[in-house]
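Text of coords_16.tsv (TSV, C-alpha atoms) as supplied:
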chain	number	residue	atom	x	y	z
P	218	MET	CA	-173.81	-19.38	-57.96
P	219	LEU	CA	-171.23	-16.99	-56.60
P	220	SER	CA	-172.15	-13.38	-55.95
P	221	LYS	CA	-169.68	-10.58	-56.68
P	222	LYS	CA	-169.13	-10.16	-52.94
P	223	GLU	CA	-168.30	-13.84	-52.59
P	224	LYS	CA	-165.91	-13.78	-55.55
P	225	ASP	CA	-164.09	-10.78	-54.04
P	226	LEU	CA	-163.90	-12.50	-50.66
P	227	ILE	CA	-162.53	-15.69	-52.19
P	228	LYS	CA	-159.95	-13.76	-54.24
P	229	GLU	CA	-158.87	-11.79	-51.18
P	230	ILE	CA	-158.46	-14.83	-48.97
P	231	TRP	CA	-156.40	-16.82	-51.48
P	232	GLU	CA	-154.23	-13.80	-52.23
P	233	ARG	CA	-153.46	-13.61	-48.54
P	234	LEU	CA	-152.67	-17.31	-48.33
P	235	THR	CA	-150.33	-17.37	-51.32
P	236	PRO	CA	-147.20	-16.70	-49.21
P	237	VAL	CA	-148.00	-19.76	-47.05
P	238	ALA	CA	-149.15	-21.93	-49.95
P	239	ALA	CA	-146.77	-24.81	-49.15
P	240	GLU	CA	-147.81	-24.87	-45.49
P	241	ILE	CA	-151.56	-24.80	-46.16
P	242	GLY	CA	-151.35	-27.24	-49.07
P	243	ALA	CA	-149.22	-29.74	-47.16
P	244	ASP	CA	-151.56	-29.49	-44.16
P	245	ALA	CA	-154.60	-30.18	-46.33
P	246	LEU	CA	-152.90	-33.14	-48.01
P	247	LEU	CA	-151.79	-34.63	-44.68
P	248	ARG	CA	-155.32	-34.32	-43.30
P	249	MET	CA	-156.71	-35.98	-46.41
P	250	PHE	CA	-154.21	-38.85	-46.24
P	251	ALA	CA	-154.98	-39.39	-42.53
P	252	SER	CA	-158.77	-39.35	-42.83
P	253	TYR	CA	-159.10	-40.97	-46.25
P	254	PRO	CA	-156.29	-43.51	-46.62
P	255	GLY	CA	-157.49	-44.51	-50.11
P	256	THR	CA	-156.19	-41.20	-51.38
P	257	LYS	CA	-152.62	-42.29	-50.59
P	258	THR	CA	-152.77	-44.81	-53.43
P	259	TYR	CA	-152.03	-42.00	-55.89
P	260	PHE	CA	-148.75	-41.23	-54.13
P	261	SER	CA	-147.24	-44.68	-53.65
P	262	HIS	CA	-144.17	-43.65	-55.64
P	263	VAL	CA	-143.21	-40.65	-53.49
P	264	ASP	CA	-142.50	-39.72	-49.89
P	265	ILE	CA	-145.57	-37.99	-48.45
P	266	SER	CA	-144.59	-38.10	-44.79
P	267	PRO	CA	-145.00	-34.86	-42.79
P	268	ASN	CA	-142.49	-32.20	-43.86
P	269	SER	CA	-141.21	-34.25	-46.80
P	270	SER	CA	-140.12	-32.07	-49.70
P	271	HIS	CA	-142.63	-33.71	-52.02
P	272	LEU	CA	-145.53	-33.03	-49.67
P	273	LEU	CA	-144.59	-29.37	-49.39
P	274	SER	CA	-143.96	-28.84	-53.10
P	275	HIS	CA	-147.12	-30.68	-54.09
P	276	GLY	CA	-149.20	-28.85	-51.51
P	277	LYS	CA	-147.81	-25.57	-52.80
P	278	LYS	CA	-148.67	-26.46	-56.40
P	279	ILE	CA	-152.26	-27.23	-55.51
P	280	VAL	CA	-152.83	-24.08	-53.43
P	281	LEU	CA	-151.23	-21.87	-56.09
P	282	ALA	CA	-153.52	-23.36	-58.74
P	283	ILE	CA	-156.56	-22.72	-56.53
P	284	ALA	CA	-155.34	-19.17	-55.87
P	285	GLU	CA	-154.80	-18.56	-59.57
P	286	GLY	CA	-158.31	-19.72	-60.37
P	287	ALA	CA	-159.63	-17.36	-57.70
P	288	GLN	CA	-158.16	-14.36	-59.53
P	289	ASP	CA	-160.89	-14.59	-62.15
P	290	ILE	CA	-163.47	-17.23	-61.32
P	291	SER	CA	-165.48	-16.54	-64.47
P	292	GLN	CA	-162.49	-17.80	-66.49
P	293	LEU	CA	-162.00	-21.07	-64.60
P	294	THR	CA	-162.38	-23.26	-67.68
P	295	VAL	CA	-159.66	-21.31	-69.48
P	296	THR	CA	-157.32	-21.10	-66.49
P	297	LEU	CA	-157.64	-24.79	-65.70
P	298	ALA	CA	-157.42	-26.13	-69.27
P	299	PRO	CA	-153.91	-27.58	-68.91
P	300	LEU	CA	-154.73	-29.10	-65.51
P	301	GLN	CA	-157.93	-30.55	-66.94
P	302	THR	CA	-155.91	-32.39	-69.57
P	303	LEU	CA	-153.34	-33.54	-67.03
P	304	HIS	CA	-155.94	-34.98	-64.66
P	305	ALA	CA	-158.07	-36.57	-67.37
P	306	TYR	CA	-155.44	-38.25	-69.49
P	307	GLN	CA	-152.42	-38.70	-67.29
P	308	LEU	CA	-153.17	-38.66	-63.59
P	309	ARG	CA	-156.70	-40.06	-63.86
P	310	VAL	CA	-157.44	-39.38	-60.21
P	311	ASP	CA	-160.99	-40.53	-59.48
P	312	PRO	CA	-162.88	-37.23	-59.26
P	313	ARG	CA	-164.64	-38.40	-56.10
P	314	ASN	CA	-161.34	-37.64	-54.41
P	315	PHE	CA	-161.64	-33.95	-55.26
P	316	LYS	CA	-164.43	-33.75	-52.68
P	317	LEU	CA	-162.16	-35.30	-50.07
P	318	LEU	CA	-159.38	-32.81	-50.75
P	319	SER	CA	-161.88	-29.94	-50.80
P	320	HIS	CA	-163.15	-30.90	-47.34
P	321	SER	CA	-159.60	-31.29	-46.03
P	322	MET	CA	-158.73	-27.90	-47.52
P	323	LEU	CA	-161.73	-26.35	-45.73
P	324	VAL	CA	-160.51	-27.85	-42.43
P	325	SER	CA	-157.04	-26.37	-43.01
P	326	LEU	CA	-158.63	-23.01	-43.79
P	327	ALA	CA	-160.81	-23.23	-40.66
P	328	CYS	CA	-157.76	-24.04	-38.52
P	329	TYR	CA	-155.70	-21.28	-40.09
P	330	LEU	CA	-158.36	-18.57	-40.23
P	331	GLY	CA	-160.23	-19.37	-36.98
P	332	ASP	CA	-162.91	-16.72	-36.37
P	333	GLU	CA	-162.40	-15.32	-39.84
P	334	PHE	CA	-163.75	-18.57	-41.25
P	335	THR	CA	-167.23	-17.15	-40.94
P	336	PRO	CA	-170.30	-18.95	-42.30
P	337	VAL	CA	-170.20	-16.54	-45.27
P	338	ALA	CA	-166.56	-17.34	-46.01
P	339	HIS	CA	-167.28	-21.05	-45.52
P	340	ALA	CA	-170.19	-20.98	-47.97
P	341	ALA	CA	-168.22	-19.03	-50.56
P	342	MET	CA	-165.19	-21.32	-50.27
P	343	ASP	CA	-167.27	-24.47	-50.45
P	344	LYS	CA	-168.99	-23.22	-53.58
P	345	TYR	CA	-165.71	-22.17	-55.18
P	346	LEU	CA	-163.94	-25.46	-54.44
P	347	SER	CA	-166.94	-27.41	-55.79
P	348	ALA	CA	-166.86	-25.36	-58.99
P	349	PHE	CA	-163.08	-25.82	-59.23
P	350	ALA	CA	-163.42	-29.60	-58.85
P	351	ALA	CA	-166.22	-29.77	-61.41
P	352	VAL	CA	-164.18	-27.84	-64.00
P	353	LEU	CA	-161.12	-29.98	-63.27
P	354	ALA	CA	-163.09	-33.13	-64.07
P	355	GLU	CA	-164.66	-31.78	-67.29
P	356	LYS	CA	-162.38	-33.62	-69.71
P	357	TYR	CA	-162.66	-37.00	-67.99
P	358	ARG	CA	-165.48	-38.17	-70.23
N	145	MET	CA	-168.49	-53.71	-34.98
N	146	VAL	CA	-166.26	-50.69	-35.24
N	147	GLU	CA	-162.67	-51.15	-34.16
N	148	TRP	CA	-161.18	-48.21	-32.29
N	149	THR	CA	-157.48	-47.96	-31.57
N	150	ASP	CA	-156.52	-46.69	-28.11
N	151	ALA	CA	-155.24	-43.52	-29.75
N	152	GLU	CA	-158.58	-42.95	-31.49
N	153	ARG	CA	-160.56	-43.55	-28.31
N	154	SER	CA	-158.52	-41.09	-26.30
N	155	ALA	CA	-158.52	-38.52	-29.13
N	156	ILE	CA	-162.32	-38.64	-29.31
N	157	ILE	CA	-162.84	-38.50	-25.55
N	158	ASN	CA	-160.26	-35.73	-25.12
N	159	LEU	CA	-161.72	-33.60	-27.87
N	160	TRP	CA	-165.27	-34.16	-26.59
N	161	GLY	CA	-164.13	-32.96	-23.17
N	162	LYS	CA	-163.12	-29.62	-24.66
N	163	ILE	CA	-166.30	-29.06	-26.67
N	164	ASP	CA	-169.04	-26.77	-25.35
N	165	VAL	CA	-172.20	-28.19	-26.95
N	166	GLY	CA	-174.03	-24.92	-26.34
N	167	GLU	CA	-171.44	-23.18	-28.48
N	168	ILE	CA	-170.50	-25.63	-31.23
N	169	GLY	CA	-174.00	-27.08	-31.70
N	170	PRO	CA	-175.70	-23.80	-32.67
N	171	GLN	CA	-172.71	-22.83	-34.84
N	172	ALA	CA	-172.77	-26.11	-36.74
N	173	LEU	CA	-176.51	-26.08	-37.37
N	174	SER	CA	-176.43	-22.40	-38.44
N	175	ARG	CA	-173.65	-23.23	-40.87
N	176	LEU	CA	-175.63	-26.09	-42.34
N	177	LEU	CA	-178.62	-23.81	-42.92
N	178	ILE	CA	-176.42	-21.08	-44.42
N	179	VAL	CA	-173.99	-23.13	-46.51
N	180	TYR	CA	-176.59	-25.72	-47.61
N	181	PRO	CA	-179.77	-23.68	-47.65
N	182	TRP	CA	-181.90	-26.52	-49.00
N	183	GLY	CA	-181.55	-27.97	-45.49
N	184	GLN	CA	-184.00	-25.29	-44.37
N	185	ARG	CA	-186.80	-27.45	-45.72
N	186	TYR	CA	-186.84	-29.33	-42.43
N	187	PHE	CA	-187.10	-26.25	-40.29
N	188	GLN	CA	-190.09	-24.37	-41.68
N	189	ALA	CA	-191.54	-24.18	-38.16
N	190	PHE	CA	-188.47	-22.39	-36.84
N	191	GLY	CA	-189.53	-18.91	-37.91
N	192	ASP	CA	-187.27	-16.45	-39.67
N	193	LEU	CA	-184.46	-18.12	-41.64
N	194	SER	CA	-184.48	-15.59	-44.45
N	195	THR	CA	-181.00	-14.10	-43.90
N	196	ASN	CA	-177.72	-15.30	-42.42
N	197	ALA	CA	-178.22	-12.90	-39.52
N	198	ALA	CA	-181.72	-14.27	-38.94
N	199	ILE	CA	-180.41	-17.84	-38.90
N	200	MET	CA	-177.51	-17.05	-36.57
N	201	GLY	CA	-179.82	-15.17	-34.20
N	202	ASN	CA	-182.69	-17.64	-34.31
N	203	PRO	CA	-183.24	-19.10	-30.82
N	204	LYS	CA	-184.94	-22.25	-32.15
N	205	VAL	CA	-181.93	-22.97	-34.35
N	206	ALA	CA	-179.63	-22.45	-31.38
N	207	GLN	CA	-181.68	-24.71	-29.12
N	208	HIS	CA	-181.90	-27.43	-31.73
N	209	GLY	CA	-178.19	-27.22	-32.47
N	210	LYS	CA	-177.49	-27.66	-28.77
N	211	THR	CA	-179.86	-30.66	-28.58
N	212	VAL	CA	-178.32	-32.42	-31.57
N	213	MET	CA	-174.75	-31.78	-30.41
N	214	GLY	CA	-175.63	-32.86	-26.88
N	215	GLY	CA	-176.95	-36.11	-28.32
N	216	LEU	CA	-173.40	-37.01	-29.31
N	217	GLU	CA	-172.68	-37.51	-25.59
N	218	ASN	CA	-174.48	-40.85	-25.84
N	219	ALA	CA	-172.25	-41.91	-28.69
N	220	VAL	CA	-169.05	-40.90	-26.86
N	221	LYS	CA	-170.20	-42.89	-23.80
N	222	ASN	CA	-171.09	-45.91	-25.97
N	223	LEU	CA	-168.30	-46.03	-28.53
N	224	ASP	CA	-168.65	-49.79	-28.92
N	225	ASN	CA	-172.39	-49.73	-29.34
N	226	ILE	CA	-173.25	-46.68	-31.40
N	227	THR	CA	-175.58	-48.43	-33.86
N	228	LYS	CA	-177.82	-49.72	-31.09
N	229	THR	CA	-177.63	-46.46	-29.13
N	230	TYR	CA	-179.01	-44.51	-32.10
N	231	ALA	CA	-181.54	-47.05	-33.39
N	232	LYS	CA	-184.60	-45.25	-32.01
N	233	LEU	CA	-183.38	-41.86	-33.24
N	234	SER	CA	-182.75	-43.37	-36.66
N	235	THR	CA	-186.28	-44.72	-36.89
N	236	MET	CA	-187.65	-41.36	-35.78
N	237	HIS	CA	-185.65	-39.42	-38.38
N	238	SER	CA	-186.82	-41.81	-41.07
N	239	GLU	CA	-190.45	-42.44	-40.25
N	240	LYS	CA	-191.50	-39.28	-38.46
N	241	LEU	CA	-189.19	-36.51	-39.63
N	242	HIS	CA	-188.45	-37.83	-43.16
N	243	VAL	CA	-184.96	-36.37	-43.19
N	244	ASP	CA	-182.72	-37.24	-46.14
N	245	PRO	CA	-179.86	-39.08	-44.39
N	246	ASP	CA	-177.30	-37.26	-46.53
N	247	ASN	CA	-177.97	-34.30	-44.25
N	248	PHE	CA	-176.39	-36.17	-41.34
N	249	ARG	CA	-173.13	-36.39	-43.28
N	250	VAL	CA	-173.31	-32.71	-44.17
N	251	LEU	CA	-173.99	-31.70	-40.55
N	252	ALA	CA	-171.07	-33.84	-39.44
N	253	GLU	CA	-168.82	-31.90	-41.85
N	254	CYS	CA	-170.10	-28.62	-40.45
N	255	ILE	CA	-169.42	-29.83	-36.90
N	256	SER	CA	-165.84	-30.75	-37.82
N	257	LEU	CA	-165.27	-27.35	-39.40
N	258	CYS	CA	-166.62	-25.49	-36.35
N	259	VAL	CA	-164.38	-27.58	-34.12
N	260	ALA	CA	-161.38	-26.88	-36.39
N	261	ALA	CA	-162.04	-23.14	-36.37
N	262	LYS	CA	-162.49	-23.13	-32.59
N	263	PHE	CA	-159.47	-25.19	-31.58
N	264	GLY	CA	-156.96	-24.61	-34.38
N	265	PRO	CA	-154.29	-26.90	-35.81
N	266	SER	CA	-152.41	-27.66	-32.58
N	267	VAL	CA	-155.46	-29.34	-31.02
N	268	PHE	CA	-157.29	-30.44	-34.16
N	269	THR	CA	-154.32	-32.22	-35.70
N	270	ALA	CA	-154.62	-34.55	-38.70
N	271	GLU	CA	-154.70	-37.53	-36.31
N	272	VAL	CA	-157.37	-36.03	-34.07
N	273	GLN	CA	-159.35	-35.08	-37.17
N	274	GLU	CA	-159.16	-38.67	-38.43
N	275	ALA	CA	-160.46	-40.10	-35.15
N	276	TRP	CA	-163.16	-37.43	-34.81
N	277	GLN	CA	-164.38	-37.85	-38.40
N	278	LYS	CA	-164.38	-41.63	-38.03
N	279	PHE	CA	-166.49	-41.21	-34.89
N	280	LEU	CA	-168.93	-38.89	-36.64
N	281	SER	CA	-169.18	-41.19	-39.66
N	282	VAL	CA	-170.19	-44.06	-37.35
N	283	VAL	CA	-172.88	-41.86	-35.81
N	284	VAL	CA	-174.02	-40.77	-39.29
N	285	SER	CA	-174.20	-44.38	-40.38
N	286	ALA	CA	-176.15	-45.37	-37.25
N	287	LEU	CA	-178.63	-42.57	-37.87
N	288	GLY	CA	-179.23	-43.84	-41.38
N	289	ARG	CA	-179.34	-47.50	-40.40
N	290	GLN	CA	-183.10	-47.88	-39.79
N	291	TYR	CA	-184.17	-46.23	-43.02
N	292	HIS	CA	-185.98	-48.53	-45.40
Could you write out this file's structure as structure tokens?
Amino acid sequence: MLSKKEKDLIKEIWERLTPVAAEIGADALLRMFASYPGTKTYFSHVDISPNSSHLLSHGKKIVLAIAEGAQDISQLTVTLAPLQTLHAYQLRVDPRNFKLLSHSMLVSLACYLGDEFTPVAHAAMDKYLSAFAAVLAEKYR
Amino acid sequence: MVEWTDAERSAIINLWGKIDVGEIGPQALSRLLIVYPWGQRYFQAFGDLSTNAAIMGNPKVAQHGKTVMGGLENAVKNLDNITKTYAKLSTMHSEKLHVDPDNFRVLAECISLCVAAKFGPSVFTAEVQEAWQKFLSVVVSALGRQYH
């Protein structure tokens, strides 16, 4: 469960990261590909090397979606409805991978925010990303 | 037997050389108790864990964090023999302490995040992260090995 304070903190952090969405997103993806090579199988048709345009644009897309969800966490199911359909019927990414990206995203946040990545921020972010992943997988079955 | 590339070996040893176990250990354990509060079940004898401030200021948590983190020294020194090195600890965690081994994985994640926050992206690169997480996953696996 997210408290009001946590929701505000999450919203504030993602608002601040929106201008560097491509950088953060690409960093998280690169970390995920390096640590969990199985995740690369979903990108065999594109160039995901460091600084490739696809990596940056895809990273940006993901971070912007996470930031949008953070604007009103109580409405996640509504906000994510189109992405739910996309992931369930078209992309069919095994939802276990959402955990891997979430962890990689937390590492990117920790690197980027340093001291500001306090235990409170960490807990709030972890809870939010778990909720985000759960909603994203809702239409799978 | 785990295969380590030369790059992975040096990444792990280099990173370990930078880590202050007295700093990262307490941070990582505090985070586990704060972010995954059900982990507190194993630390009822530690006194006040009722608030984040209490956890972060708790000397028993700090000492234990330092002990656990310091224990990784053995793994770094025995990269080719981690399973055997941790066999006794694994038995102890299973038979005496009754710790759910999933907690080892969770603590490993907390350790990685503390290291990332401390050293930033120029030290904790994607490649270093890969080697470090692989190392921790071998330790986690070794700790769970003797459970039955």
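Minimum atom-to-atom distances from N:Ala286, N:Val212, N:Val243, N:Ala270 to chain P were compared using only C-alpha atoms, and the lowest value belongs to N:Ala270.
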(request) Considering only C-alpha atoms, return as JSON, numbers by chain whatever protein or nucleic-acid residues lie within 9 Å of range 174-183 of chain N, sequence-local ones (same chain, fewer than 4 positions apart) excluded. (result) {"P": [335, 336, 337, 339, 340, 341, 343, 344], "N": [169, 170, 187, 193, 195, 196, 199, 200, 202, 205, 206, 209, 247, 250, 251, 253, 254, 255, 258]}
(message) So that I can check the surroundings of Val263 in chain P, please list as a ChimeraX atom specification every protein, DNA and RNA residue that reaches within 9 Å of it, counting all atoms listed in the file and ignoring chain neighbours fewer than 3 positions away.
(response) /P:260,271-272
Would you mind exporting C-alpha atoms of the selected residues as a compact mmCIF listing (two decimals), in the coordinates of the input?
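Wrote selection_27.txt, looks like this:
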# COMPACT_ATOMS: atom_id res chain seq x y z
CA PHE P 260 -148.75 -41.23 -54.13
CA HIS P 271 -142.63 -33.71 -52.02
CA LEU P 272 -145.53 -33.03 -49.67
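With distances taken from (-163.8, -16.0, -61.4) and restricted to all atoms listed in the file, the residues inside 9 Å are Leu219, Lys224, Lys228, Gly286, Ala287, Gln288, Asp289, Ile290, Ser291, Gln292, Leu293 and Tyr345 of chain P.
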Can I get the residues of chain P within 12 Å of chain N, each with the closest pair of atoms and their distance in Å to one decimal, using only C-alpha atoms, sorted chain first then ascending number, as a tab-separated table?
residue	atom	partner	partner_atom	distance
P:Glu240	CA	N:Pro265	CA	11.8
P:Ile241	CA	N:Pro265	CA	10.9
P:Ala243	CA	N:Ala270	CA	11.1
P:Asp244	CA	N:Ala270	CA	8.0
P:Ala245	CA	N:Ala270	CA	8.8
P:Leu246	CA	N:Ala270	CA	9.6
P:Leu247	CA	N:Ala270	CA	6.6
P:Arg248	CA	N:Ala270	CA	4.7
P:Met249	CA	N:Ala270	CA	8.1
P:Phe250	CA	N:Ala270	CA	8.7
P:Ala251	CA	N:Glu274	CA	5.9
P:Ser252	CA	N:Glu274	CA	4.5
P:Tyr253	CA	N:Glu274	CA	8.2
P:Pro254	CA	N:Glu274	CA	9.9
P:Pro267	CA	N:Ala270	CA	10.5
P:Lys316	CA	N:Glu253	CA	11.8
P:Leu317	CA	N:Glu253	CA	11.1
P:Ser319	CA	N:Glu253	CA	11.5
P:His320	CA	N:Glu253	CA	8.0
P:Ser321	CA	N:Ala270	CA	9.4
P:Met322	CA	N:Leu257	CA	10.4
P:Leu323	CA	N:Leu257	CA	7.3
P:Val324	CA	N:Leu257	CA	5.7
P:Ser325	CA	N:Pro265	CA	7.7
P:Leu326	CA	N:Ala261	CA	8.2
P:Ala327	CA	N:Ala261	CA	4.5
P:Cys328	CA	N:Gly264	CA	4.3
P:Tyr329	CA	N:Gly264	CA	6.7
P:Leu330	CA	N:Ala261	CA	7.0
P:Gly331	CA	N:Ala261	CA	4.2
P:Asp332	CA	N:Ala261	CA	6.5
P:Glu333	CA	N:Ala261	CA	8.6
P:Phe334	CA	N:Ala261	CA	6.9
P:Thr335	CA	N:Arg175	CA	8.8
P:Pro336	CA	N:Arg175	CA	5.6
P:Val337	CA	N:Val179	CA	7.7
P:Ala338	CA	N:Val179	CA	9.4
P:His339	CA	N:Val179	CA	7.1
P:Ala340	CA	N:Val179	CA	4.6
P:Ala341	CA	N:Val179	CA	8.2
P:Met342	CA	N:Val179	CA	9.7
P:Asp343	CA	N:Val179	CA	7.9
P:Lys344	CA	N:Val179	CA	8.7
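Distances here use only C-alpha atoms; by that measure, the residue among P:Thr296, P:Thr256, P:Thr302, P:Ser261 closest to Phe315 in chain P is P:Thr256.
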